[in-house]
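File shown here: coords09.txt, holding compact mmCIF, C-alpha atoms.
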# COMPACT_ATOMS: atom_id res chain seq x y z
CA MET A 1 20.09 16.92 10.66
CA SER A 2 21.31 13.34 10.54
CA THR A 3 19.02 12.69 13.50
CA LEU A 4 16.02 13.57 11.36
CA ALA A 5 17.35 11.41 8.51
CA LEU A 6 17.64 8.45 10.88
CA ALA A 7 14.18 9.11 12.30
CA VAL A 8 12.65 9.19 8.80
CA ALA A 9 14.53 5.98 7.91
CA LEU A 10 13.11 4.29 11.02
CA PHE A 11 9.61 5.50 10.13
CA LEU A 12 9.96 4.08 6.62
CA LEU A 13 11.06 0.73 8.04
CA ALA A 14 7.98 0.67 10.29
CA ASN A 15 5.93 1.44 7.16
CA LEU A 16 7.41 -1.62 5.46
CA VAL A 17 6.43 -3.87 8.37
CA VAL A 18 2.84 -2.64 8.06
CA ALA A 19 2.96 -3.17 4.29
CA LEU A 20 3.68 -6.85 4.96
CA LEU A 21 0.02 -7.12 6.01
CA ALA A 22 -0.99 -6.22 2.46
CA ALA A 23 1.31 -8.93 1.14
CA ALA A 24 -0.23 -11.45 3.52
CA ARG A 25 -3.80 -10.58 2.50
CA GLY A 26 -3.40 -10.71 -1.25
CA PRO A 27 -5.72 -11.83 -2.79
CA THR A 28 -4.12 -11.84 -6.26
CA PRO A 29 -0.38 -12.40 -6.85
CA ALA A 30 -0.20 -8.84 -8.16
CA ASP A 31 -1.23 -7.43 -4.79
CA ARG A 32 1.67 -9.28 -3.20
CA MET A 33 4.01 -8.10 -5.94
CA LEU A 34 3.01 -4.50 -5.22
CA THR A 35 4.33 -4.91 -1.69
CA ALA A 36 7.61 -6.16 -3.13
CA LEU A 37 7.75 -3.06 -5.35
CA LEU A 38 7.07 -0.85 -2.32
CA PHE A 39 9.95 -2.63 -0.60
CA GLY A 40 12.19 -1.67 -3.51
CA THR A 41 11.27 2.01 -3.43
CA THR A 42 11.24 2.33 0.35
CA GLY A 43 14.50 0.41 0.58
CA THR A 44 16.03 2.89 -1.86
CA ALA A 45 14.88 5.80 0.31
CA VAL A 46 16.15 4.14 3.49
CA LEU A 47 19.58 3.48 1.96
CA VAL A 48 19.88 7.07 0.73
CA LEU A 49 18.87 8.37 4.16
CA LEU A 50 21.43 6.14 5.84
CA ALA A 51 24.09 7.39 3.44
CA ALA A 52 23.22 10.97 4.44
CA ALA A 53 23.29 10.07 8.13
CA GLY A 54 26.93 9.00 7.94
CA GLY A 55 26.83 5.61 6.25
CA GLY A 56 29.13 6.60 3.40
CA ALA A 57 28.60 7.47 -0.25
CA ALA A 58 28.74 3.82 -1.32
CA LEU A 59 25.22 3.32 0.05
CA VAL A 60 23.90 5.60 -2.72
CA ASP A 61 25.26 3.12 -5.27
CA VAL A 62 23.50 0.31 -3.39
CA ALA A 63 20.29 2.34 -3.53
CA LEU A 64 20.64 2.72 -7.31
CA VAL A 65 21.11 -1.04 -7.73
CA LEU A 66 18.07 -1.72 -5.54
CA ALA A 67 15.89 0.64 -7.61
CA LEU A 68 17.05 -1.06 -10.80
CA LEU A 69 16.42 -4.58 -9.46
CA ALA A 70 12.92 -3.64 -8.27
CA ALA A 71 12.08 -2.44 -11.79
CA ILE A 72 13.43 -5.64 -13.37
CA GLY A 73 11.57 -7.74 -10.81
CA GLY A 74 8.28 -5.98 -11.54
CA ILE A 75 8.59 -6.37 -15.31
CA ALA A 76 9.63 -10.03 -14.99
CA PHE A 77 6.63 -10.68 -12.77
CA ALA A 78 4.16 -9.08 -15.17
CA LYS A 79 5.62 -10.65 -18.32
CA ARG A 80 6.64 -14.12 -17.15
CA ALA A 81 5.49 -15.12 -13.70
CA TRP A 82 1.82 -14.18 -13.40
CA HIS A 83 -0.51 -16.83 -14.84
CA ALA A 84 -4.27 -17.03 -14.83
CA GLU A 85 -4.69 -20.16 -12.71
CA GLU A 86 -3.25 -18.43 -9.64
CA ASN A 87 -5.89 -15.70 -9.76
CA GLY A 88 -7.73 -14.99 -6.56
CA ARG A 89 -6.17 -17.87 -4.66
CA ASP A 90 -5.63 -16.99 -1.03
CA MET B 1 16.81 28.37 5.35
CA ILE B 2 18.10 25.55 3.18
CA GLU B 3 18.32 23.36 6.27
CA GLY B 4 14.67 24.01 7.06
CA LEU B 5 13.56 23.35 3.48
CA SER B 6 15.51 20.10 3.47
CA MET B 7 13.87 18.93 6.70
CA LEU B 8 10.44 19.89 5.36
CA LEU B 9 11.03 17.87 2.17
CA LEU B 10 12.12 14.82 4.21
CA VAL B 11 8.97 14.96 6.31
CA VAL B 12 6.74 15.45 3.26
CA GLY B 13 8.43 12.47 1.59
CA ALA B 14 7.84 10.32 4.67
CA PHE B 15 4.18 11.37 4.59
CA PHE B 16 3.79 10.23 0.98
CA PHE B 17 5.40 6.87 1.77
CA PHE B 18 2.91 6.55 4.62
CA ALA B 19 0.02 7.45 2.30
CA GLY B 20 1.20 4.85 -0.21
CA THR B 21 1.30 2.15 2.46
CA VAL B 22 -2.16 3.05 3.73
CA GLY B 23 -3.48 2.99 0.17
CA LEU B 24 -1.91 -0.41 -0.43
CA LEU B 25 -3.77 -1.72 2.61
CA ARG B 26 -7.11 0.01 2.10
CA PHE B 27 -7.78 0.21 -1.64
CA PRO B 28 -10.08 -2.46 -3.06
CA ASP B 29 -8.40 -3.77 -6.23
CA VAL B 30 -5.06 -4.06 -7.97
CA TYR B 31 -5.58 -1.02 -10.21
CA SER B 32 -6.25 1.40 -7.36
CA ARG B 33 -3.39 -0.13 -5.38
CA LEU B 34 -1.09 0.61 -8.30
CA HIS B 35 -2.25 4.21 -8.02
CA ALA B 36 -1.36 4.30 -4.30
CA LEU B 37 2.03 2.74 -4.96
CA ALA B 38 2.83 5.37 -7.60
CA LYS B 39 2.40 8.09 -4.96
CA ALA B 40 5.07 6.49 -2.78
CA ASP B 41 7.36 5.93 -5.77
CA ASN B 42 7.11 9.32 -7.41
CA LEU B 43 6.38 11.86 -4.68
CA GLY B 44 7.72 10.12 -1.60
CA LEU B 45 11.10 9.15 -3.00
CA GLY B 46 11.27 12.40 -5.00
CA CYS B 47 10.81 14.57 -1.90
CA VAL B 48 13.27 12.52 0.16
CA LEU B 49 15.91 12.70 -2.58
CA ALA B 50 15.39 16.44 -3.11
CA GLY B 51 15.66 17.04 0.62
CA LEU B 52 18.91 15.09 0.84
CA ALA B 53 20.34 16.68 -2.31
CA LEU B 54 19.89 20.12 -0.70
CA GLN B 55 22.34 19.20 2.05
CA ALA B 56 24.78 17.18 -0.06
CA ASP B 57 28.50 17.98 0.22
CA SER B 58 29.16 18.69 -3.45
CA LEU B 59 27.22 19.37 -6.61
CA ALA B 60 28.19 15.98 -8.02
CA ALA B 61 26.83 14.19 -4.95
CA ALA B 62 23.58 16.14 -5.18
CA LEU B 63 23.20 15.34 -8.89
CA LYS B 64 23.84 11.66 -8.24
CA LEU B 65 21.07 11.64 -5.65
CA LEU B 66 18.70 13.43 -8.03
CA LEU B 67 19.55 10.95 -10.81
CA ILE B 68 17.94 8.13 -8.85
CA TRP B 69 14.60 9.86 -9.16
CA PRO B 70 14.13 9.77 -12.98
CA LEU B 71 15.21 6.12 -12.93
CA VAL B 72 12.50 5.29 -10.39
CA LEU B 73 9.94 7.45 -12.25
CA VAL B 74 10.48 5.61 -15.53
CA ALA B 75 10.64 2.21 -13.83
CA SER B 76 7.48 2.89 -11.85
CA ALA B 77 5.55 3.99 -14.93
CA GLY B 78 6.71 0.97 -16.94
CA VAL B 79 6.02 -1.59 -14.20
CA SER B 80 2.60 -0.08 -13.41
CA PHE B 81 1.64 -0.26 -17.08
CA ALA B 82 2.85 -3.87 -17.42
CA ILE B 83 1.05 -5.07 -14.28
CA ALA B 84 -2.19 -3.24 -15.10
CA ARG B 85 -2.24 -4.61 -18.65
CA ARG B 86 -1.54 -8.13 -17.43
CA ALA B 87 -4.34 -7.83 -14.86
CA HIS B 88 -6.66 -6.65 -17.63
CA VAL B 89 -5.64 -9.53 -19.91
CA LEU B 90 -6.21 -12.02 -17.09
CA GLY B 91 -9.75 -10.70 -16.72
CA ILE B 92 -9.55 -8.85 -13.42
CA ARG B 93 -12.40 -6.31 -13.43
CA PRO B 94 -11.83 -2.83 -12.03
CA TRP B 95 -13.65 -2.31 -8.75
CA GLN B 96 -16.88 -0.34 -9.07
CA LYS B 97 -19.04 0.97 -6.28
CA ASP B 98 -22.34 0.14 -7.98
CA THR B 99 -21.67 -3.55 -8.47
CA GLN B 100 -20.51 -4.29 -4.93
For this file, write the structure as structure tokens.
Amino acid sequence: MSTLALAVALFLLANLVVALLAAARGPTPADRMLTALLFGTTGTAVLVLLAAAGGGAALVDVALVLALLAAIGGIAFAKRAWHAEENGRD
Amino acid sequence: MIEGLSMLLLVVGAFFFFAGTVGLLRFPDVYSRLHALAKADNLGLGCVLAGLALQADSLAAALKLLLIWPLVLVASAGVSFAIARRAHVLGIRPWQKDTQ
């Protein structure tokens, strides 16, 4: 069972590497921020899977913190960091 | 039985993460990419967490895993709304097939 959890975690990590292409392409800052948000969610899933595969229950707490920080990062980006003059710049 | 269901949920969750990544790469504008990202957030993580909660040691551990999901659901909805509204305010037009 923990073999499958590790396999799924590895697959999700490979997914993240591919998602970096989307961050590189842009074109708007929001498109890059979406990759960061995907990193938050996928990172949460990977941490939970690692906890189930024998990493210890503390990793679940780390996953909770990561999910929370991704949410704060997304809101801070939308409310404070995204300005019109950066639109469409590559 | 429970073991099999748990494995199935893990695989389904991995599929939705994959679909979200593909959507992030292939969809044409920020609004549709938000839609793809929501699939990974809500269904992908939800299925993975449900699958792991099925094989948790105790009820408390399973509930703690399942508590992550509503947090991510609410956060995902709030962030998607904030980003989409900001994109609208900044004048980004939704992609339309006719105009391209």
Close residues, segment 58-69 of chain A itself excluded, 8 Å, only C-alpha atoms, min 4 positions apart in chain, as an MDAnalysis selection string: (chainID A and resid 40:41 43:45 47:48 50:51 73) or (chainID B and resid 65 68 71:72 75)
Residues of chain A within 9 Å of chain B, counting only C-alpha atoms, as a ChimeraX atom specification: /A:1,4-5,8-9,11-12,15-16,18-19,21-23,25,28,30-31,34-35,37-38,41-42,44-45,48-49,52,57,60,63-64,67-68,70-75,77-79,82-84,87
Same residues, C-alpha atoms, output as a PDB file, in the coordinates of the input:
ATOM      1  CA  MET A   1      20.090  16.920  10.660  1.00  0.00           C
ATOM      2  CA  LEU A   4      16.020  13.570  11.360  1.00  0.00           C
ATOM      3  CA  ALA A   5      17.350  11.410   8.510  1.00  0.00           C
ATOM      4  CA  VAL A   8      12.650   9.190   8.800  1.00  0.00           C
ATOM      5  CA  ALA A   9      14.530   5.980   7.910  1.00  0.00           C
ATOM      6  CA  PHE A  11       9.610   5.500  10.130  1.00  0.00           C
ATOM      7  CA  LEU A  12       9.960   4.080   6.620  1.00  0.00           C
ATOM      8  CA  ASN A  15       5.930   1.440   7.160  1.00  0.00           C
ATOM      9  CA  LEU A  16       7.410  -1.620   5.460  1.00  0.00           C
ATOM     10  CA  VAL A  18       2.840  -2.640   8.060  1.00  0.00           C
ATOM     11  CA  ALA A  19       2.960  -3.170   4.290  1.00  0.00           C
ATOM     12  CA  LEU A  21       0.020  -7.120   6.010  1.00  0.00           C
ATOM     13  CA  ALA A  22      -0.990  -6.220   2.460  1.00  0.00           C
ATOM     14  CA  ALA A  23       1.310  -8.930   1.140  1.00  0.00           C
ATOM     15  CA  ARG A  25      -3.800 -10.580   2.500  1.00  0.00           C
ATOM     16  CA  THR A  28      -4.120 -11.840  -6.260  1.00  0.00           C
ATOM     17  CA  ALA A  30      -0.200  -8.840  -8.160  1.00  0.00           C
ATOM     18  CA  ASP A  31      -1.230  -7.430  -4.790  1.00  0.00           C
ATOM     19  CA  LEU A  34       3.010  -4.500  -5.220  1.00  0.00           C
ATOM     20  CA  THR A  35       4.330  -4.910  -1.690  1.00  0.00           C
ATOM     21  CA  LEU A  37       7.750  -3.060  -5.350  1.00  0.00           C
ATOM     22  CA  LEU A  38       7.070  -0.850  -2.320  1.00  0.00           C
ATOM     23  CA  THR A  41      11.270   2.010  -3.430  1.00  0.00           C
ATOM     24  CA  THR A  42      11.240   2.330   0.350  1.00  0.00           C
ATOM     25  CA  THR A  44      16.030   2.890  -1.860  1.00  0.00           C
ATOM     26  CA  ALA A  45      14.880   5.800   0.310  1.00  0.00           C
ATOM     27  CA  VAL A  48      19.880   7.070   0.730  1.00  0.00           C
ATOM     28  CA  LEU A  49      18.870   8.370   4.160  1.00  0.00           C
ATOM     29  CA  ALA A  52      23.220  10.970   4.440  1.00  0.00           C
ATOM     30  CA  ALA A  57      28.600   7.470  -0.250  1.00  0.00           C
ATOM     31  CA  VAL A  60      23.900   5.600  -2.720  1.00  0.00           C
ATOM     32  CA  ALA A  63      20.290   2.340  -3.530  1.00  0.00           C
ATOM     33  CA  LEU A  64      20.640   2.720  -7.310  1.00  0.00           C
ATOM     34  CA  ALA A  67      15.890   0.640  -7.610  1.00  0.00           C
ATOM     35  CA  LEU A  68      17.050  -1.060 -10.800  1.00  0.00           C
ATOM     36  CA  ALA A  70      12.920  -3.640  -8.270  1.00  0.00           C
ATOM     37  CA  ALA A  71      12.080  -2.440 -11.790  1.00  0.00           C
ATOM     38  CA  ILE A  72      13.430  -5.640 -13.370  1.00  0.00           C
ATOM     39  CA  GLY A  73      11.570  -7.740 -10.810  1.00  0.00           C
ATOM     40  CA  GLY A  74       8.280  -5.980 -11.540  1.00  0.00           C
ATOM     41  CA  ILE A  75       8.590  -6.370 -15.310  1.00  0.00           C
ATOM     42  CA  PHE A  77       6.630 -10.680 -12.770  1.00  0.00           C
ATOM     43  CA  ALA A  78       4.160  -9.080 -15.170  1.00  0.00           C
ATOM     44  CA  LYS A  79       5.620 -10.650 -18.320  1.00  0.00           C
ATOM     45  CA  TRP A  82       1.820 -14.180 -13.400  1.00  0.00           C
ATOM     46  CA  HIS A  83      -0.510 -16.830 -14.840  1.00  0.00           C
ATOM     47  CA  ALA A  84      -4.270 -17.030 -14.830  1.00  0.00           C
ATOM     48  CA  ASN A  87      -5.890 -15.700  -9.760  1.00  0.00           C
TER      49      ASN A  87
END
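With atom CA of Ala36 of chain A on one side and atom CA of Pro70 of chain B on the other, the separation reads 19.8 Å.
Atom CA of Phe16 of chain B sits 22.2 Å away from atom CA of Ala24 of chain A.
Comparing the minimum interatomic distances between Val12 of chain B and each of B:Gln96, B:Pro28, B:His35, B:Leu43, counting all atoms listed in the file, we find that B:Leu43 sits nearest.
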For Ser2 of chain A, please output as a PDB file with C-alpha atoms, keeping the file's coordinate frame all residues within 8 Å (counting only C-alpha atoms; exclusion window: fewer than 4 positions along the same chain).
ATOM      1  CA  LEU A   6      17.640   8.450  10.880  1.00  0.00           C
ATOM      2  CA  ALA A  52      23.220  10.970   4.440  1.00  0.00           C
ATOM      3  CA  ALA A  53      23.290  10.070   8.130  1.00  0.00           C
ATOM      4  CA  GLY A  54      26.930   9.000   7.940  1.00  0.00           C
TER       5      GLY A  54
END
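Note that atom CA of Ala81 of chain A and atom CA of Pro29 of chain A are 9.4 Å apart.
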